[in-house]
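Heads up, the thing below is written out as structure tokens.
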Amino acid sequence: MRYSLKILGQYISGKWSEDKIEHWLRILGLNPLLVKEGDDVFIELEIPSNRGDLLSAFGIVRALAPCTGIEPGYPEIDLQQRSSRTMLVEITSPEDCFLYAGRVIESVSVEPSSGWLKERVLCAGFRSVNNVVDITNLVFWEYGQPLHAFDLDRLEEKIVVRRAEDGEEITTLDGTKRHLNRDVLVISDSEKPVAIAGIMGGLNSEVGYHTKNIFIESAFFNPVRIRRGSKYLGMATDASARFEKGTARSLVVSALDRCCALINQLCGGNTGPVCVAGSLSSEKRVIYLSIEKISEYLGCEIPEDFAVNTLKKLGCSVESGHNMLKITVPDIRNDLELDVDVIEEMAKYWGYDKIPESMPVASVSPSVSAREYSRLEALKDIFVQLGFNEVINLGLGCEPEFLYPEDENIEIVNPLSRNYAFLRRSMMSGLLQNIQENYNRKIQSLSIFEIGNIYRKTGSGFTEEPTAGIAVMNKYSLYSFKGIVEYILKKIGSSINSQRMSKQKNGVVIEFLQNNKRAGILLLPRSDLLKKYGIEDQEILLAEVMLKDFVETGFPETVYKAPSRTMPVKRDLSLVVPNSVNWEKVEEMLFNNIPMLEKIEIFDIYRGKNIPEKFTGIAVSLTFHNPDSNLTKQDIEKIVGNVLEMMQKNFSIILRQ
Amino acid sequence: MCDEKSLENLEKVVEGAVKELEEMKDSSELEQWRIKYFGRKGIFASITSSIPRLSSELRPAAGTKINSAKKQLTRMFEEKLNILQKKKSPEVDVNFTIPGIVPERASLHPITLVSREIVAIFQKLGFGIHTGPEIETDFYNFEALNMPEDHPARDMWDTFYLDEKKRFLLRTHTSPVQVRVMQKISPPLRIIAIGKTFRRDAFDASHSPVFHQVEGLMVDTGITFSNLKAVLVFFLKELFGSGVRVRFLPSYFPFTEPSAEISISCVICDGKGCQTCGNAGWLEILGAGMVHPEVFRKSGVECKNITGFAFGAGIERIAMLKYGIDDIRQFYLNDMRFLRQFG
């Protein structure tokens with residue numbers, strides 16, 4: 001909202017200065033911005049959406065009254081009723097229109113505006129149309145009550161306020177044909193819609209220079225109805241913006257009379273009696289509030305006379321007794337409903353900065369926390385210790401996810417663009433994009449992780465699951481990367497009982513299963529997938545670890561084992577292992593049959609020279625340990641002999657020559 | 001065994017010792033040499049011990065001779081020692097002006113770093129940490145926050161919807177966590193929540209359709225607006241330094257009453273006015289207010305005398321001010337050259 005100080009000044013009685021007004025508008029939270037234009041100063045204000053009353057000159061002046069000593073200078077309305085012509089007005093949708101009033105004015109001369117009218121209308125931010133329309137706009141600006149002028153001779157018989165029929169049409173004043181439905185409230189005559197109620201007039205009843213007789217409308221609509229109509233039609237006007245925020249019954253006739261008086265003064269014509277449908281009398285809103293509650297709520301003593309004076313200046317009537325205020329609120333202040341709303345007014349006019357700061361007095365109670373946050377944060381630290389950089393992606397993507405084809409896509413109904421139209425169902429596409437963009441920035445190798453939610457559709461709604469995404473480029477071999485994934489799985493307490501490998505459209509997938517449930521997944525992407533990202537020549541590995549169980553259970557406790565008094569013995573073996581062998585089974589067999597075997601660690605994996613095709617060279621370090629007595633060289637030789645024999649017999653694993 | 005003769009031999013001894021010293025190659029040989037000549041049972045010890053046996057007129061001259069030989073050999077020994085040690089410590093030849101090799105290091109995302117800083121501040125005051133879903137329902141995102149259907153304030157948050165009926169949406173703020181926590185846990189409550197939020201705002205230097213928020217809530221008997229001020233001033237001074245000035249002005253949120261907008265004196269220009277603060281000298285940093293009675297009602301908190309305050313802030317905005325980042329999009333480009341700066 002924009003106000004010319006020069007024009008606004010004409011609606012103020014009392015002494016005022018630019019600085020004082022700016023200062024208080026700021027204190028009241030309206031964020032004034034002063035812009036000098038020629039010899040005038042314009043104030044731009046941010047009006048909160050619950051303060052429709054501030055979308056008017058008198059509203060602004062009234063808001064400044066308690067703190068600046070100024071008062072609204074209401075104009076004297078000298079309306080002579082010189083005609084007896086009326087218009088039949090009818091409301092068929094009383095839940096949408098609470099009050100509809102109008103007056104006929106005969107024999108007006110519609111002309112271009114001039115002089116002070118034109119100046120004020122332009123300063124108020126309107127386009128000057130003609131004297132009649134400009135007057136309705138000026139009075140709207142003064143009172144905050146939108147008004148509309150119809151060409152009376154183009155209205156048939158009567159005015160009806162009703163819902164539009166599905167399929168009904170109207171061409172509005174901006175020349176656009178509008179298709180209406182039952183959501184839209186219209187003003188119609190006995191035959192056709194002549195305006196979209198509260199939003200814009202119809203071209204078929206427009207006031208122009210040929211117009212002789214007019215009908216001025218002033219109404220009080222249900223804000224919800226105007227909002228729905230405006231949303232449905234995609235039309236927002238000054239009037240609809242005002243009506244949406246709630247106008248007031250008390251404004252209807254006073255603004256109408258001010259408008260008609262101005263028209264008579266500037267355009268001539270004879271005004272008829274007021275024609276009304278709906279009730280003129282407004283129910284009084286009363287709020288009870290004790291002075292103590294104000295102080296208790298704000299933590300600051302507010303004197304009673306300050307409270308009473310402020311409220312009176314705001315247009316409330318206040319009765320006080322027994323420390324209790326009975327406050328009757330003017331209907332234009334529809335934001336004042338509860339005692340706390342009045343307390344806010346007290347705080348504003350007292351000044352937020354004058355309220356002291358005092359730390360709350362609270363009983364010592366253990367802080368209740370959900371554990372997810374701290375667990376996920378601790379996991380981030382583990383990734384960083386492993387040398388991974390944290391990334392954060394939007395979680396919105398352009399293409400349906402490639403990893404879990406069985407799941408349904410989640411599409412945003414009203415996306416910003418096709419690039420951000422889907423919710424991610426996997427972390428991997430985001431990470432691939434990160435790799436692509438960094439590769440394009442000449443980053444040669446990287447290791448990144450992201451912890452965030454992935455989303456899934458369920459029967460009745462959606463689920464979101466915390467997940468860790470891991471990705472490397474030119475950094476780790478498959479087995480080193482797999483080792484990292486396995487380490488993370490172990491760290492978060494997933495006990496993996498089996499791994500399943502499968503070839504899928506996008507590459508080789510290794511699933512880490514805990515009781516047949518997927519706990520993690522590793523992808524060796526196929527080069528045609530990488531090609532889409534322009535990184536097909538890079539060594540890229542991706543993985544995802546499900547954290548849903550982890551955030552509930554947390555890290556497994558570390559159980560202390562006393563270091564043994566006897567010494568373990570290590571033996572390294574260089575093995576040639578057929579690729580068909582499931583290494584897990586080898587380990588399982590050895591642990592089951594060799595009681596002194598404590599640990600098997602793989603420290604090298606190689607293929608190629610000296611290793612026949614379809615075989616892999618695996619260098620393992622076996623740790624043997626007898627807690628009761630130290631193992632002798634002879635003991636070890638015997639055990640290792642057993643190990644080799646068992647591996648050869650059961651898996652055709654031989655010692656490398 | 002030591003007599004005048006051996007004293008006469010002193011010159012020869014010195015001559016031999018010097019020759020041996022010249023041939024020394026390492027410090028252990030040198031040590032052997034030292035023991036041979038100057039050890040407890042070394043040659044000089046025995047020569048010295050023979051002095052008393054000399055005639056009294058010869059004694060002073062002999063003493064002087066022996067001493068000067070000792071001095072000469074000791075000096076030569078130290079010189080040799082120095083040379084050998086220098087050979088042994090190669091770092092003397094290193095150029096220390098060449099910088100060291102920086103270890104490869106990994107980093108947390110700046111959003112995580114700032115979030116942790118915020119969490120740590122509120123933990124000092126005994127606040128717990130909660131989370132809530134990113135996919136919300138209309139009830140939690142709007143209705144329970146005193147914004148029934150058709151409420152004009154809903155326009156303050158442009159929303160992404162997941163179904164045509166607009167029942168499911170991506171939360172536009174972390175405030176729904178307030179309601180979820182109050183439904184689960186009865187007051188007294190002191191909590192914060194951190195998480196992703198979504199608004200249908202196109203990308204520009206200061207807008208992103210996805211960003212992070214921190215939400216706070218304190219509910220107890222007799223919580224006042226003055227308490228709100230104290231807690232938030234403490235928070236902002238911990239976060240931006242004790243020199244920062246804090247300004248409270250009225251604002252409007254449907255879920256708080258009274259509502260406040262909180263600004264800090266510009267951290268770039270200290271309030272003098274610059275590009276960052278749009279010459280205002282102040283930076284808006286928090287929205288806050290006293291919990292609206294309707295929010296308590298919708299959350300099932302019905303006790304009398306229970307009051308509370310709530311607040312919310314954008315993490316990216318705080319991170320931008322802390323690190324001097326001038327474009328919010330940086331957070332989501334995940335450019336390693338950006339991320340590695342926080343390691």
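Chain labels run A, B, ... following the order of the structure tokens; each chain numbers its residues from 1, and ligands are numbered from 1 in the order shown.
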
Would you mind listing what lies within 12 Å of Gly42 of chain B as a list in words, with only C-alpha atoms counted and same-chain residues fewer than 6 positions away left out?
-> Val13, Gln32, Trp33, Arg34, Ile35, Lys36, Thr48 and Ser49 of chain B

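Residues within 9 Å of Asp339 of chain A, counting only C-alpha atoms and excluding same-chain residues fewer than 3 positions away, are Ile287, Tyr288, Leu289, Ser290, Lys293, Ile294, Leu336, Val342, Ile343 and Glu344 of chain A.
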
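All residues of protein, DNA or RNA that reach within 9 Å of Val14 of chain B, judged by only C-alpha atoms and not counting those fewer than 5 positions away in the chain, are Asn9, Lys19, Ala69, Lys70, Gln72 and Leu73 of chain B.
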
Hey, list the chain B side of the contact with chain A: 7 Å cut-off, only C-alpha atoms, answer as an NGL selection string.
-> :B and (105-109 or 126-131 or 150 or 152-153 or 160-164 or 200 or 202 or 210 or 223-227 or 229-231 or 247-252 or 257-258 or 332 or 334-336)

Write the residues you've just listed into a file as a PDB file, in the first residue's frame, and include C-alpha atoms for each of them.
ATOM      1  CA  ARG B 105      40.207 -33.512   4.613  1.00  0.00           C
ATOM      2  CA  ALA B 106      36.495 -34.021   4.504  1.00  0.00           C
ATOM      3  CA  SER B 107      33.870 -31.575   5.634  1.00  0.00           C
ATOM      4  CA  LEU B 108      30.345 -31.252   6.885  1.00  0.00           C
ATOM      5  CA  HIS B 109      27.937 -29.116   4.866  1.00  0.00           C
ATOM      6  CA  GLY B 126      17.933 -27.106  28.347  1.00  0.00           C
ATOM      7  CA  PHE B 127      16.019 -27.252  25.072  1.00  0.00           C
ATOM      8  CA  GLY B 128      15.455 -30.696  23.563  1.00  0.00           C
ATOM      9  CA  ILE B 129      15.623 -31.445  19.848  1.00  0.00           C
ATOM     10  CA  HIS B 130      12.712 -32.783  17.843  1.00  0.00           C
ATOM     11  CA  THR B 131      11.989 -33.578  14.239  1.00  0.00           C
ATOM     12  CA  ASP B 150      -9.672 -19.934   2.969  1.00  0.00           C
ATOM     13  CA  PRO B 152      -5.956 -15.134   3.671  1.00  0.00           C
ATOM     14  CA  ALA B 153      -2.713 -15.661   5.617  1.00  0.00           C
ATOM     15  CA  PHE B 160       3.793 -27.550  -3.134  1.00  0.00           C
ATOM     16  CA  TYR B 161       0.936 -30.063  -3.086  1.00  0.00           C
ATOM     17  CA  LEU B 162       1.179 -33.806  -3.577  1.00  0.00           C
ATOM     18  CA  ASP B 163      -2.452 -34.547  -4.396  1.00  0.00           C
ATOM     19  CA  GLU B 164      -5.278 -32.815  -6.208  1.00  0.00           C
ATOM     20  CA  ARG B 200       7.086 -22.601  -4.286  1.00  0.00           C
ATOM     21  CA  ALA B 202      11.773 -19.768  -7.904  1.00  0.00           C
ATOM     22  CA  VAL B 210      14.008 -25.872  -0.527  1.00  0.00           C
ATOM     23  CA  ILE B 223       5.880 -17.744  30.217  1.00  0.00           C
ATOM     24  CA  THR B 224       5.924 -14.086  29.121  1.00  0.00           C
ATOM     25  CA  PHE B 225       6.784 -12.005  26.100  1.00  0.00           C
ATOM     26  CA  SER B 226       9.637 -10.660  28.182  1.00  0.00           C
ATOM     27  CA  ASN B 227      10.976 -14.246  28.488  1.00  0.00           C
ATOM     28  CA  LYS B 229      12.883 -11.478  24.361  1.00  0.00           C
ATOM     29  CA  ALA B 230      15.512 -12.655  26.837  1.00  0.00           C
ATOM     30  CA  VAL B 231      15.885 -16.118  25.291  1.00  0.00           C
ATOM     31  CA  ARG B 247      15.456  -5.090  17.622  1.00  0.00           C
ATOM     32  CA  PHE B 248      11.910  -6.343  18.203  1.00  0.00           C
ATOM     33  CA  LEU B 249       9.062  -5.019  16.052  1.00  0.00           C
ATOM     34  CA  PRO B 250       5.424  -6.091  15.692  1.00  0.00           C
ATOM     35  CA  SER B 251       4.620  -8.574  12.968  1.00  0.00           C
ATOM     36  CA  TYR B 252       1.829 -10.923  12.030  1.00  0.00           C
ATOM     37  CA  GLU B 257      -0.179 -13.340  19.312  1.00  0.00           C
ATOM     38  CA  PRO B 258       1.531 -10.960  19.910  1.00  0.00           C
ATOM     39  CA  TYR B 332      22.642 -26.721  -3.203  1.00  0.00           C
ATOM     40  CA  ASN B 334      27.421 -28.978  -3.832  1.00  0.00           C
ATOM     41  CA  ASP B 335      30.514 -27.636  -5.545  1.00  0.00           C
ATOM     42  CA  MET B 336      33.532 -29.294  -3.919  1.00  0.00           C
TER      43      MET B 336
END

DSSP helix (DSSP H, G or I) selection over segment 450-650 of chain A, as a ChimeraX atom specification = /A:478-491,527-532,548-553,583-593,633-650

With C-alpha atoms retained, export the selected residues as a short mmCIF file (atom, residue, chain, number, x, y, z; two decimals), in the first residue's frame.
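After the write, part.cif holds the following:
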data_model
loop_
_atom_site.label_atom_id
_atom_site.label_comp_id
_atom_site.auth_asym_id
_atom_site.auth_seq_id
_atom_site.Cartn_x
_atom_site.Cartn_y
_atom_site.Cartn_z
CA LEU A 478 35.05 -51.86 -5.67
CA TYR A 479 36.28 -53.83 -2.67
CA SER A 480 37.49 -50.80 -0.73
CA PHE A 481 34.15 -49.13 -1.36
CA LYS A 482 32.26 -52.26 -0.42
CA GLY A 483 34.33 -52.36 2.75
CA ILE A 484 33.21 -48.83 3.60
CA VAL A 485 29.57 -49.71 3.04
CA GLU A 486 29.94 -52.83 5.15
CA TYR A 487 31.69 -50.86 7.88
CA ILE A 488 28.83 -48.33 7.98
CA LEU A 489 26.26 -51.12 8.08
CA LYS A 490 28.09 -52.76 10.97
CA LYS A 491 28.53 -49.45 12.75
CA SER A 527 28.29 -47.02 -18.59
CA ASP A 528 25.13 -46.10 -20.48
CA LEU A 529 23.66 -44.74 -17.24
CA LEU A 530 26.85 -42.77 -16.63
CA LYS A 531 26.80 -41.58 -20.22
CA LYS A 532 23.61 -39.65 -19.50
CA LYS A 548 15.10 -46.24 9.51
CA ASP A 549 15.92 -48.91 12.09
CA PHE A 550 19.07 -47.12 13.15
CA VAL A 551 17.31 -43.88 14.09
CA GLU A 552 15.07 -45.92 16.36
CA THR A 553 17.68 -48.16 17.98
CA TRP A 583 33.40 -66.05 0.06
CA GLU A 584 30.91 -65.76 2.90
CA LYS A 585 30.52 -69.53 2.82
CA VAL A 586 34.28 -70.00 2.99
CA GLU A 587 34.49 -67.87 6.10
CA GLU A 588 31.50 -69.60 7.62
CA MET A 589 33.08 -73.02 7.10
CA LEU A 590 36.42 -71.99 8.56
CA PHE A 591 34.95 -70.37 11.64
CA ASN A 592 32.75 -73.40 12.23
CA ASN A 593 35.58 -75.89 11.96
CA LYS A 633 54.97 -73.22 15.60
CA GLN A 634 53.96 -76.84 15.25
CA ASP A 635 50.36 -76.08 16.34
CA ILE A 636 50.09 -73.35 13.71
CA GLU A 637 51.48 -75.47 10.91
CA LYS A 638 48.94 -78.14 11.70
CA ILE A 639 46.03 -75.69 11.78
CA VAL A 640 47.07 -73.93 8.56
CA GLY A 641 47.37 -77.34 6.90
CA ASN A 642 43.79 -78.06 7.94
CA VAL A 643 42.62 -74.72 6.62
CA LEU A 644 44.18 -75.26 3.22
CA GLU A 645 42.89 -78.78 2.98
CA MET A 646 39.34 -77.73 3.80
CA MET A 647 39.39 -74.84 1.31
CA GLN A 648 40.72 -77.04 -1.45
CA LYS A 649 38.32 -79.87 -0.77
CA ASN A 650 35.19 -77.78 -0.44
#

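Interatomic distance, atom CA of Trp116 of chain A to atom CA of Gly9 of chain A: 13.7 Å.
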